[in-house]
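Engineer: Just so it is clear, I am handing over protein-v5.cif, which has mmCIF, C-alpha atoms.
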```
data_protein
loop_
_atom_site.label_atom_id
_atom_site.label_comp_id
_atom_site.auth_asym_id
_atom_site.auth_seq_id
_atom_site.Cartn_x
_atom_site.Cartn_y
_atom_site.Cartn_z
CA MET A 181 -26.21 162.76 -93.72
CA ALA A 182 -25.76 166.50 -94.16
CA ASP A 183 -27.13 168.75 -91.45
CA VAL A 184 -30.35 170.58 -92.31
CA TYR A 185 -31.09 173.82 -90.48
CA VAL A 186 -34.83 173.91 -89.71
CA HIS A 187 -35.01 177.67 -89.25
CA GLY A 188 -32.98 178.78 -92.25
CA HIS A 189 -31.63 182.31 -92.58
CA HIS A 190 -34.63 184.33 -93.68
CA ALA A 191 -34.66 187.96 -92.51
CA SER A 192 -37.37 187.08 -89.94
CA VAL A 193 -35.06 184.48 -88.39
CA LEU A 194 -31.97 186.71 -88.39
CA ALA A 195 -33.98 189.52 -86.80
CA SER A 196 -35.00 187.19 -83.98
CA HIS A 197 -31.49 185.83 -83.49
CA GLY A 198 -30.04 189.33 -83.71
CA ALA A 199 -31.92 190.32 -80.57
CA ARG A 200 -29.88 187.85 -78.50
CA THR A 201 -27.19 189.05 -76.13
CA ALA A 202 -24.51 187.36 -74.06
CA ALA A 203 -26.50 188.32 -70.96
CA ASP A 204 -29.59 186.34 -72.03
CA SER A 205 -27.85 183.59 -74.00
CA ALA A 206 -24.45 182.99 -72.38
CA ALA A 207 -24.77 184.17 -68.77
CA TYR A 208 -23.48 180.80 -67.54
CA LEU A 209 -20.21 181.36 -69.43
CA LEU A 210 -19.53 185.02 -68.61
CA PRO A 211 -18.00 184.43 -65.12
CA HIS A 212 -15.38 182.15 -66.72
CA LEU A 213 -14.15 184.72 -69.23
CA ARG A 214 -11.24 187.04 -68.64
CA GLU A 215 -9.26 189.71 -70.46
CA GLY A 216 -7.03 188.43 -73.21
CA MET A 217 -8.73 185.11 -73.94
CA GLN A 218 -8.98 183.69 -77.45
CA LEU A 219 -12.54 182.54 -78.13
CA LEU A 220 -14.26 180.72 -80.99
CA ASP A 221 -18.03 181.18 -81.36
CA VAL A 222 -19.47 178.32 -83.42
CA GLY A 223 -22.74 179.04 -85.21
CA CYS A 224 -22.47 182.75 -84.48
CA GLY A 225 -25.49 183.78 -86.58
CA PRO A 226 -25.81 187.58 -86.88
CA GLY A 227 -23.05 187.99 -84.31
CA THR A 228 -24.68 189.92 -81.46
CA VAL A 229 -23.70 187.35 -78.81
CA THR A 230 -20.24 187.02 -80.37
CA LEU A 231 -19.64 190.76 -80.15
CA ASP A 232 -20.76 190.84 -76.52
CA LEU A 233 -18.27 188.06 -75.76
CA ALA A 234 -15.59 190.06 -77.56
CA GLU A 235 -16.25 192.99 -75.24
CA THR A 236 -15.87 190.68 -72.25
CA VAL A 237 -12.43 189.39 -73.27
CA GLY A 238 -11.36 192.94 -74.04
CA PRO A 239 -9.03 194.56 -76.56
CA SER A 240 -6.24 192.11 -75.86
CA GLY A 241 -8.51 189.13 -76.54
CA GLU A 242 -9.24 187.53 -79.89
CA VAL A 243 -12.71 186.36 -80.96
CA VAL A 244 -13.70 184.52 -84.12
CA GLY A 245 -17.31 183.77 -85.06
CA VAL A 246 -18.04 181.08 -87.64
CA GLU A 247 -21.04 180.01 -89.70
CA ASN A 248 -21.31 177.43 -92.48
CA VAL A 249 -23.15 179.83 -94.84
CA ASP A 250 -22.39 183.40 -95.86
CA GLY A 251 -25.69 185.20 -95.19
CA PRO A 252 -25.50 185.46 -91.38
CA LEU A 253 -21.82 186.43 -91.59
CA GLU A 254 -22.71 189.50 -93.63
CA HIS A 255 -25.14 190.57 -90.91
CA ALA A 256 -22.52 189.88 -88.24
CA ARG A 257 -19.96 192.05 -89.99
CA ARG A 258 -22.48 194.87 -90.26
CA HIS A 259 -23.23 194.59 -86.54
CA ALA A 260 -19.50 194.71 -85.81
CA ALA A 261 -19.09 197.82 -87.96
CA ALA A 262 -22.01 199.49 -86.19
CA ARG A 263 -20.30 198.87 -82.85
CA GLY A 264 -16.94 200.03 -84.11
CA ASP A 265 -15.49 196.56 -83.52
CA GLU A 266 -12.63 196.04 -85.97
CA ARG A 267 -11.02 193.14 -84.09
CA THR A 268 -13.65 190.38 -84.12
CA ARG A 269 -13.44 188.16 -87.20
CA PHE A 270 -16.35 186.39 -88.84
CA GLU A 271 -15.38 183.46 -91.04
CA ARG A 272 -17.04 180.62 -92.90
CA ALA A 273 -16.42 177.24 -91.30
CA ASP A 274 -18.30 174.09 -90.30
CA VAL A 275 -18.20 172.63 -86.80
CA VAL A 276 -17.78 169.12 -88.18
CA GLU A 277 -14.35 170.09 -89.58
CA LEU A 278 -13.06 173.34 -88.15
CA PRO A 279 -10.18 174.91 -90.14
CA TYR A 280 -8.09 175.62 -87.06
CA ALA A 281 -5.12 173.87 -85.54
CA ALA A 282 -5.50 171.83 -82.40
CA ALA A 283 -5.33 173.83 -79.16
CA SER A 284 -6.01 177.19 -80.86
CA PHE A 285 -8.56 178.71 -78.45
CA ASP A 286 -9.07 179.19 -74.73
CA VAL A 287 -12.85 178.94 -75.12
CA VAL A 288 -14.98 177.25 -77.79
CA HIS A 289 -18.64 178.26 -77.50
CA ALA A 290 -21.82 177.20 -79.29
CA HIS A 291 -25.32 178.50 -78.60
CA GLN A 292 -28.34 176.67 -80.06
CA VAL A 293 -26.17 174.64 -82.44
CA LEU A 294 -26.03 171.00 -81.32
CA GLN A 295 -29.81 170.59 -81.60
CA HIS A 296 -29.57 170.97 -85.38
CA LEU A 297 -26.75 168.50 -86.00
CA THR A 298 -26.90 164.87 -87.07
CA ASP A 299 -23.71 164.17 -85.08
CA PRO A 300 -23.61 166.42 -82.00
CA VAL A 301 -21.07 164.14 -80.30
CA GLY A 302 -18.69 164.50 -83.22
CA ALA A 303 -19.17 168.27 -83.13
CA LEU A 304 -18.24 168.33 -79.45
CA ARG A 305 -15.11 166.30 -80.16
CA GLU A 306 -14.13 168.78 -82.87
CA MET A 307 -14.78 171.73 -80.55
CA ALA A 308 -12.62 170.07 -77.89
CA ARG A 309 -9.87 169.47 -80.45
CA VAL A 310 -9.38 173.18 -81.09
CA ALA A 311 -9.59 174.06 -77.37
CA ARG A 312 -6.35 174.39 -75.44
CA PRO A 313 -5.56 172.13 -72.48
CA GLY A 314 -7.06 173.90 -69.50
CA GLY A 315 -9.56 175.64 -71.78
CA LEU A 316 -13.33 175.43 -71.98
CA VAL A 317 -15.96 174.04 -74.32
CA ALA A 318 -19.29 175.74 -73.58
CA VAL A 319 -22.64 174.75 -75.10
CA ARG A 320 -26.23 175.83 -74.50
CA ASP A 321 -29.31 174.34 -76.17
CA VAL A 322 -33.04 174.59 -75.69
CA ASP A 323 -35.30 171.61 -74.96
CA TYR A 324 -38.36 172.10 -77.19
CA ALA A 325 -40.47 169.67 -75.16
CA SER A 326 -40.08 172.03 -72.21
CA MET A 327 -41.92 174.88 -73.94
CA VAL A 328 -45.04 175.94 -72.04
CA TRP A 329 -47.41 178.84 -72.49
CA HIS A 330 -50.67 180.39 -71.40
CA PRO A 331 -53.38 180.72 -72.55
CA GLY A 332 -53.68 177.42 -74.38
CA SER A 333 -53.60 177.52 -78.16
CA GLU A 334 -54.36 174.67 -80.54
CA GLY A 335 -52.41 176.43 -83.27
CA MET A 336 -49.28 176.83 -81.14
CA THR A 337 -49.57 173.23 -79.94
CA ARG A 338 -49.71 172.15 -83.57
CA TRP A 339 -46.67 174.31 -84.33
CA LEU A 340 -44.62 172.67 -81.58
CA ASP A 341 -45.63 169.16 -82.64
CA VAL A 342 -44.74 169.81 -86.27
CA TYR A 343 -41.46 171.52 -85.38
CA ARG A 344 -40.31 168.55 -83.29
CA ARG A 345 -41.39 166.06 -85.97
CA LEU A 346 -39.64 168.06 -88.68
CA ALA A 347 -36.41 168.27 -86.72
CA ARG A 348 -36.40 164.50 -86.21
CA LEU A 349 -37.09 163.90 -89.90
CA ASN A 350 -33.89 165.91 -90.43
CA HIS A 351 -32.15 163.48 -88.04
CA ALA A 352 -31.65 166.25 -85.48
CA GLN A 353 -32.71 166.44 -81.81
CA PRO A 354 -35.16 169.24 -80.93
CA ASP A 355 -35.04 168.29 -77.23
CA ALA A 356 -31.26 168.67 -77.19
CA GLY A 357 -31.03 170.30 -73.78
CA ARG A 358 -31.62 167.12 -71.81
CA HIS A 359 -28.94 165.31 -73.86
CA LEU A 360 -26.04 167.74 -73.40
CA VAL A 361 -24.40 165.95 -70.48
CA ALA A 362 -24.72 162.57 -72.17
CA TRP A 363 -23.33 163.93 -75.44
CA ALA A 364 -20.40 165.53 -73.61
CA HIS A 365 -19.60 162.24 -71.90
CA ALA A 366 -19.82 160.39 -75.22
CA ALA A 367 -17.38 162.93 -76.70
CA GLY A 368 -14.87 162.07 -73.98
CA LEU A 369 -15.40 165.22 -71.91
CA ALA A 370 -15.38 164.34 -68.23
CA ARG A 371 -14.97 167.52 -66.17
CA LEU A 372 -18.38 169.10 -66.63
CA THR A 373 -20.23 171.99 -65.01
CA PRO A 374 -23.90 171.58 -66.02
CA SER A 375 -26.64 174.13 -65.39
CA ALA A 376 -30.00 175.29 -66.73
CA SER A 377 -31.80 178.57 -67.30
CA LEU A 378 -35.04 179.88 -68.77
CA TRP A 379 -36.10 182.20 -71.50
CA THR A 380 -39.36 183.75 -70.31
CA TYR A 381 -41.71 186.08 -72.18
CA ALA A 382 -44.21 187.53 -69.75
CA THR A 383 -44.64 191.28 -70.22
CA PRO A 384 -46.91 192.64 -72.96
CA GLU A 385 -43.86 193.94 -74.84
CA GLN A 386 -42.01 190.61 -74.62
CA CYS A 387 -45.03 188.58 -75.70
CA ALA A 388 -45.80 190.92 -78.59
CA TRP A 389 -42.22 190.56 -79.82
CA TRP A 390 -41.95 186.78 -79.36
CA GLY A 391 -45.38 186.01 -80.79
CA GLY A 392 -44.90 188.44 -83.67
CA THR A 393 -41.54 186.88 -84.47
CA TRP A 394 -43.01 183.40 -84.75
CA ALA A 395 -46.08 184.62 -86.65
CA ARG A 396 -43.66 185.77 -89.35
CA ARG A 397 -41.28 182.83 -89.14
CA THR A 398 -44.15 180.36 -89.45
CA LEU A 399 -44.92 181.76 -92.90
CA GLU A 400 -41.55 182.98 -94.16
CA SER A 401 -38.75 180.80 -92.82
CA THR A 402 -37.34 177.46 -93.90
CA PHE A 403 -39.62 175.86 -91.29
CA ALA A 404 -42.52 176.70 -93.61
CA THR A 405 -40.93 175.43 -96.81
CA GLN A 406 -39.74 172.21 -95.15
CA ALA A 407 -43.11 171.56 -93.47
CA LEU A 408 -44.84 171.97 -96.83
CA ALA A 409 -42.31 169.81 -98.66
CA ARG A 410 -42.62 167.05 -96.06
CA GLY A 411 -46.41 167.16 -96.22
CA LEU A 412 -46.68 168.00 -92.52
CA LEU A 413 -48.72 171.16 -93.08
CA THR A 414 -50.70 172.86 -95.81
CA SER A 415 -50.46 176.55 -96.63
CA GLU A 416 -53.82 177.06 -94.95
CA GLU A 417 -52.60 175.33 -91.78
CA LEU A 418 -49.46 177.45 -91.73
CA ALA A 419 -51.61 180.57 -91.98
CA GLY A 420 -53.72 179.31 -89.08
CA ILE A 421 -50.64 178.71 -86.93
CA SER A 422 -49.33 182.18 -87.74
CA ALA A 423 -52.68 183.67 -86.74
CA ALA A 424 -52.60 181.68 -83.49
CA TRP A 425 -49.24 183.21 -82.61
CA ASP A 426 -50.63 186.67 -83.34
CA THR A 427 -53.68 186.03 -81.16
CA TRP A 428 -51.57 184.75 -78.27
CA SER A 429 -49.12 187.66 -78.55
CA THR A 430 -51.77 190.26 -77.68
CA HIS A 431 -53.59 188.34 -74.94
CA PRO A 432 -53.40 190.23 -71.61
CA ASP A 433 -52.50 187.00 -69.76
CA ALA A 434 -49.90 185.78 -72.26
CA TRP A 435 -46.90 183.92 -70.80
CA PHE A 436 -44.28 181.67 -72.41
CA ALA A 437 -41.18 179.91 -71.08
CA MET A 438 -38.63 177.36 -72.23
CA THR A 439 -35.77 175.55 -70.51
CA HIS A 440 -32.19 175.67 -71.74
CA ALA A 441 -29.48 173.27 -70.63
CA GLU A 442 -25.89 174.47 -70.40
CA VAL A 443 -22.64 172.59 -70.05
CA ILE A 444 -19.13 173.89 -69.53
CA ALA A 445 -16.52 171.21 -70.17
CA HIS A 446 -13.04 171.76 -68.76
CA VAL A 447 -10.66 170.39 -71.36
#
```
For the file at hand, write its structure as structure tokens.
Structural biologist:
Amino acid sequence: MADVYVHGHHASVLASHGARTAADSAAYLLPHLREGMQLLDVGCGPGTVTLDLAETVGPSGEVVGVENVDGPLEHARRHAAARGDERTRFERADVVELPYAAASFDVVHAHQVLQHLTDPVGALREMARVARPGGLVAVRDVDYASMVWHPGSEGMTRWLDVYRRLARLNHAQPDAGRHLVAWAHAAGLARLTPSASLWTYATPEQCAWWGGTWARRTLESTFATQALARGLLTSEELAGISAAWDTWSTHPDAWFAMTHAEVIAHV
């Protein structure tokens, strides 16, 4: 079965993903990087994390970001141009069959990718194939069931339930974080360094941004069109969920956190 990306690549989604940095999305990997490494970033999206990683491996390093559709790559190239980065390449490729020779990269990285795949174990095997002996495969994925917030919100609870149901209807795993070690073992990766970290939104500015992002994505992204097509939500219910996000985002006591699992596999 072909992979179906729940979020899609609407401008509201790319704006959210474009706010990510290596510091908040790949901190577990940064201590393992060094000048001159060759790195592949799978599922690079709009490229902000990729470009941060490129800065870490320096001018003598080589970084390639890949996506399986063109839209995010165009954004990534614009971000690279804005930074004056003429070295990092952004190419179209699919993790299930990467167009690179075996042992091509020192590091193969994927952030928030495995949760959307029908065969995450196969993807890990393919990532390991293009990693050099002695290299690293690094993955980080959220666990949607770990999402908690205050104050309580029926609309946001409904959103989370529908999101997890929709992902499973797509034969994907929304609670991927807790499965990363098991998937790595199933892919034949034995030397693992597992860890976990949080994304937390707790200041008024953070909550306004996070809640506002999801208020828009609830109405505009592929999540909305898929939820409608599957009969999981009506247009009126989507509007109610969006309003719930807006209400939460301005509450003086607003707080939101989610757990991410991380695994570095030593190839």
Engineer: Excluding Leu220 of chain A and residues on its chain fewer than 4 positions from it, collect all residues at most 10 Å away from it, counting all atoms listed in the file, and give them as number ranges by chain.
Structural biologist: A: 224, 230, 233, 242-246, 269-270, 284-290, 307, 310-311, 317
Engineer: How far is it from atom CA of Met438 of chain A to atom CA of Pro374 of chain A, in Å with one decimal?
Structural biologist: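 Here the two named atoms are 17.0 Å from each other.
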Engineer: Enter the distance from atom CA of His212 of chain A to atom CA of Val443 of chain A, in Å, rounded to one decimal.
Structural biologist: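 The value is 12.5 Å.
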Engineer: Going by the chain IDs and residue numbers used in this file, which residues fall under the PyMOL selection byres ((chain A and resi 376-381) around 12)? Write them as number ranges by chain.
Structural biologist: A: 200, 203-209, 319-324, 326-330, 357-358, 360-361, 373-375, 382-391, 428-429, 433-444
Engineer: Emit as lines of an AutoDock Vina configuration file the padded axis-aligned box for all listed atoms of segment 355-372 of chain A, 4 Å per side, with centre and edge lengths in Å to one decimal.
Structural biologist:
```
center_x = -25.0
center_y = 165.3
center_z = -71.7
size_x = 28.2
size_y = 17.9
size_z = 19.1
```
Engineer: Please measure the separation of atom CA of Ala364 of chain A and atom CA of Ala445 of chain A, giving the value in Å to one decimal.
Structural biologist: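 If I compute the distance from atom CA of Ala364 of chain A to atom CA of Ala445 of chain A, I get 7.7 Å.
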Engineer: Missing atoms in segment 326-339 of chain A: fill them in up to N, CA and C atoms and send the result as a PDB file, in the frame of the given file.
Structural biologist:
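Listed below is the output, out_35.pdb:
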```
ATOM      1  N   SER A 326     -39.866 171.273 -73.446  1.00  0.00           N
ATOM      2  CA  SER A 326     -40.080 172.030 -72.210  1.00  0.00           C
ATOM      3  C   SER A 326     -40.890 173.294 -72.423  1.00  0.00           C
ATOM      4  N   MET A 327     -41.219 173.625 -73.666  1.00  0.00           N
ATOM      5  CA  MET A 327     -41.920 174.880 -73.940  1.00  0.00           C
ATOM      6  C   MET A 327     -43.346 174.829 -73.396  1.00  0.00           C
ATOM      7  N   VAL A 328     -43.696 175.838 -72.622  1.00  0.00           N
ATOM      8  CA  VAL A 328     -45.040 175.940 -72.040  1.00  0.00           C
ATOM      9  C   VAL A 328     -45.526 177.371 -72.194  1.00  0.00           C
ATOM     10  N   TRP A 329     -46.847 177.500 -72.318  1.00  0.00           N
ATOM     11  CA  TRP A 329     -47.410 178.840 -72.490  1.00  0.00           C
ATOM     12  C   TRP A 329     -48.836 178.888 -71.969  1.00  0.00           C
ATOM     13  N   HIS A 330     -49.296 180.102 -71.787  1.00  0.00           N
ATOM     14  CA  HIS A 330     -50.670 180.390 -71.400  1.00  0.00           C
ATOM     15  C   HIS A 330     -51.089 181.667 -72.125  1.00  0.00           C
ATOM     16  N   PRO A 331     -52.336 181.752 -72.571  1.00  0.00           N
ATOM     17  CA  PRO A 331     -53.380 180.720 -72.550  1.00  0.00           C
ATOM     18  C   PRO A 331     -53.117 179.641 -73.578  1.00  0.00           C
ATOM     19  N   GLY A 332     -53.831 178.520 -73.439  1.00  0.00           N
ATOM     20  CA  GLY A 332     -53.680 177.420 -74.380  1.00  0.00           C
ATOM     21  C   GLY A 332     -54.028 177.840 -75.792  1.00  0.00           C
ATOM     22  N   SER A 333     -53.385 177.179 -76.760  1.00  0.00           N
ATOM     23  CA  SER A 333     -53.600 177.520 -78.160  1.00  0.00           C
ATOM     24  C   SER A 333     -53.412 176.272 -79.008  1.00  0.00           C
ATOM     25  N   GLU A 334     -54.478 175.840 -79.681  1.00  0.00           N
ATOM     26  CA  GLU A 334     -54.360 174.670 -80.540  1.00  0.00           C
ATOM     27  C   GLU A 334     -53.355 174.916 -81.662  1.00  0.00           C
ATOM     28  N   GLY A 335     -53.341 176.122 -82.194  1.00  0.00           N
ATOM     29  CA  GLY A 335     -52.410 176.430 -83.270  1.00  0.00           C
ATOM     30  C   GLY A 335     -50.966 176.350 -82.820  1.00  0.00           C
ATOM     31  N   MET A 336     -50.654 176.881 -81.638  1.00  0.00           N
ATOM     32  CA  MET A 336     -49.280 176.830 -81.140  1.00  0.00           C
ATOM     33  C   MET A 336     -48.894 175.401 -80.756  1.00  0.00           C
ATOM     34  N   THR A 337     -49.841 174.630 -80.230  1.00  0.00           N
ATOM     35  CA  THR A 337     -49.570 173.230 -79.940  1.00  0.00           C
ATOM     36  C   THR A 337     -49.249 172.469 -81.215  1.00  0.00           C
ATOM     37  N   ARG A 338     -49.981 172.760 -82.272  1.00  0.00           N
ATOM     38  CA  ARG A 338     -49.710 172.150 -83.570  1.00  0.00           C
ATOM     39  C   ARG A 338     -48.334 172.566 -84.073  1.00  0.00           C
ATOM     40  N   TRP A 339     -47.999 173.841 -83.925  1.00  0.00           N
ATOM     41  CA  TRP A 339     -46.670 174.310 -84.330  1.00  0.00           C
ATOM     42  C   TRP A 339     -45.571 173.524 -83.639  1.00  0.00           C
TER      43      TRP A 339
END
```
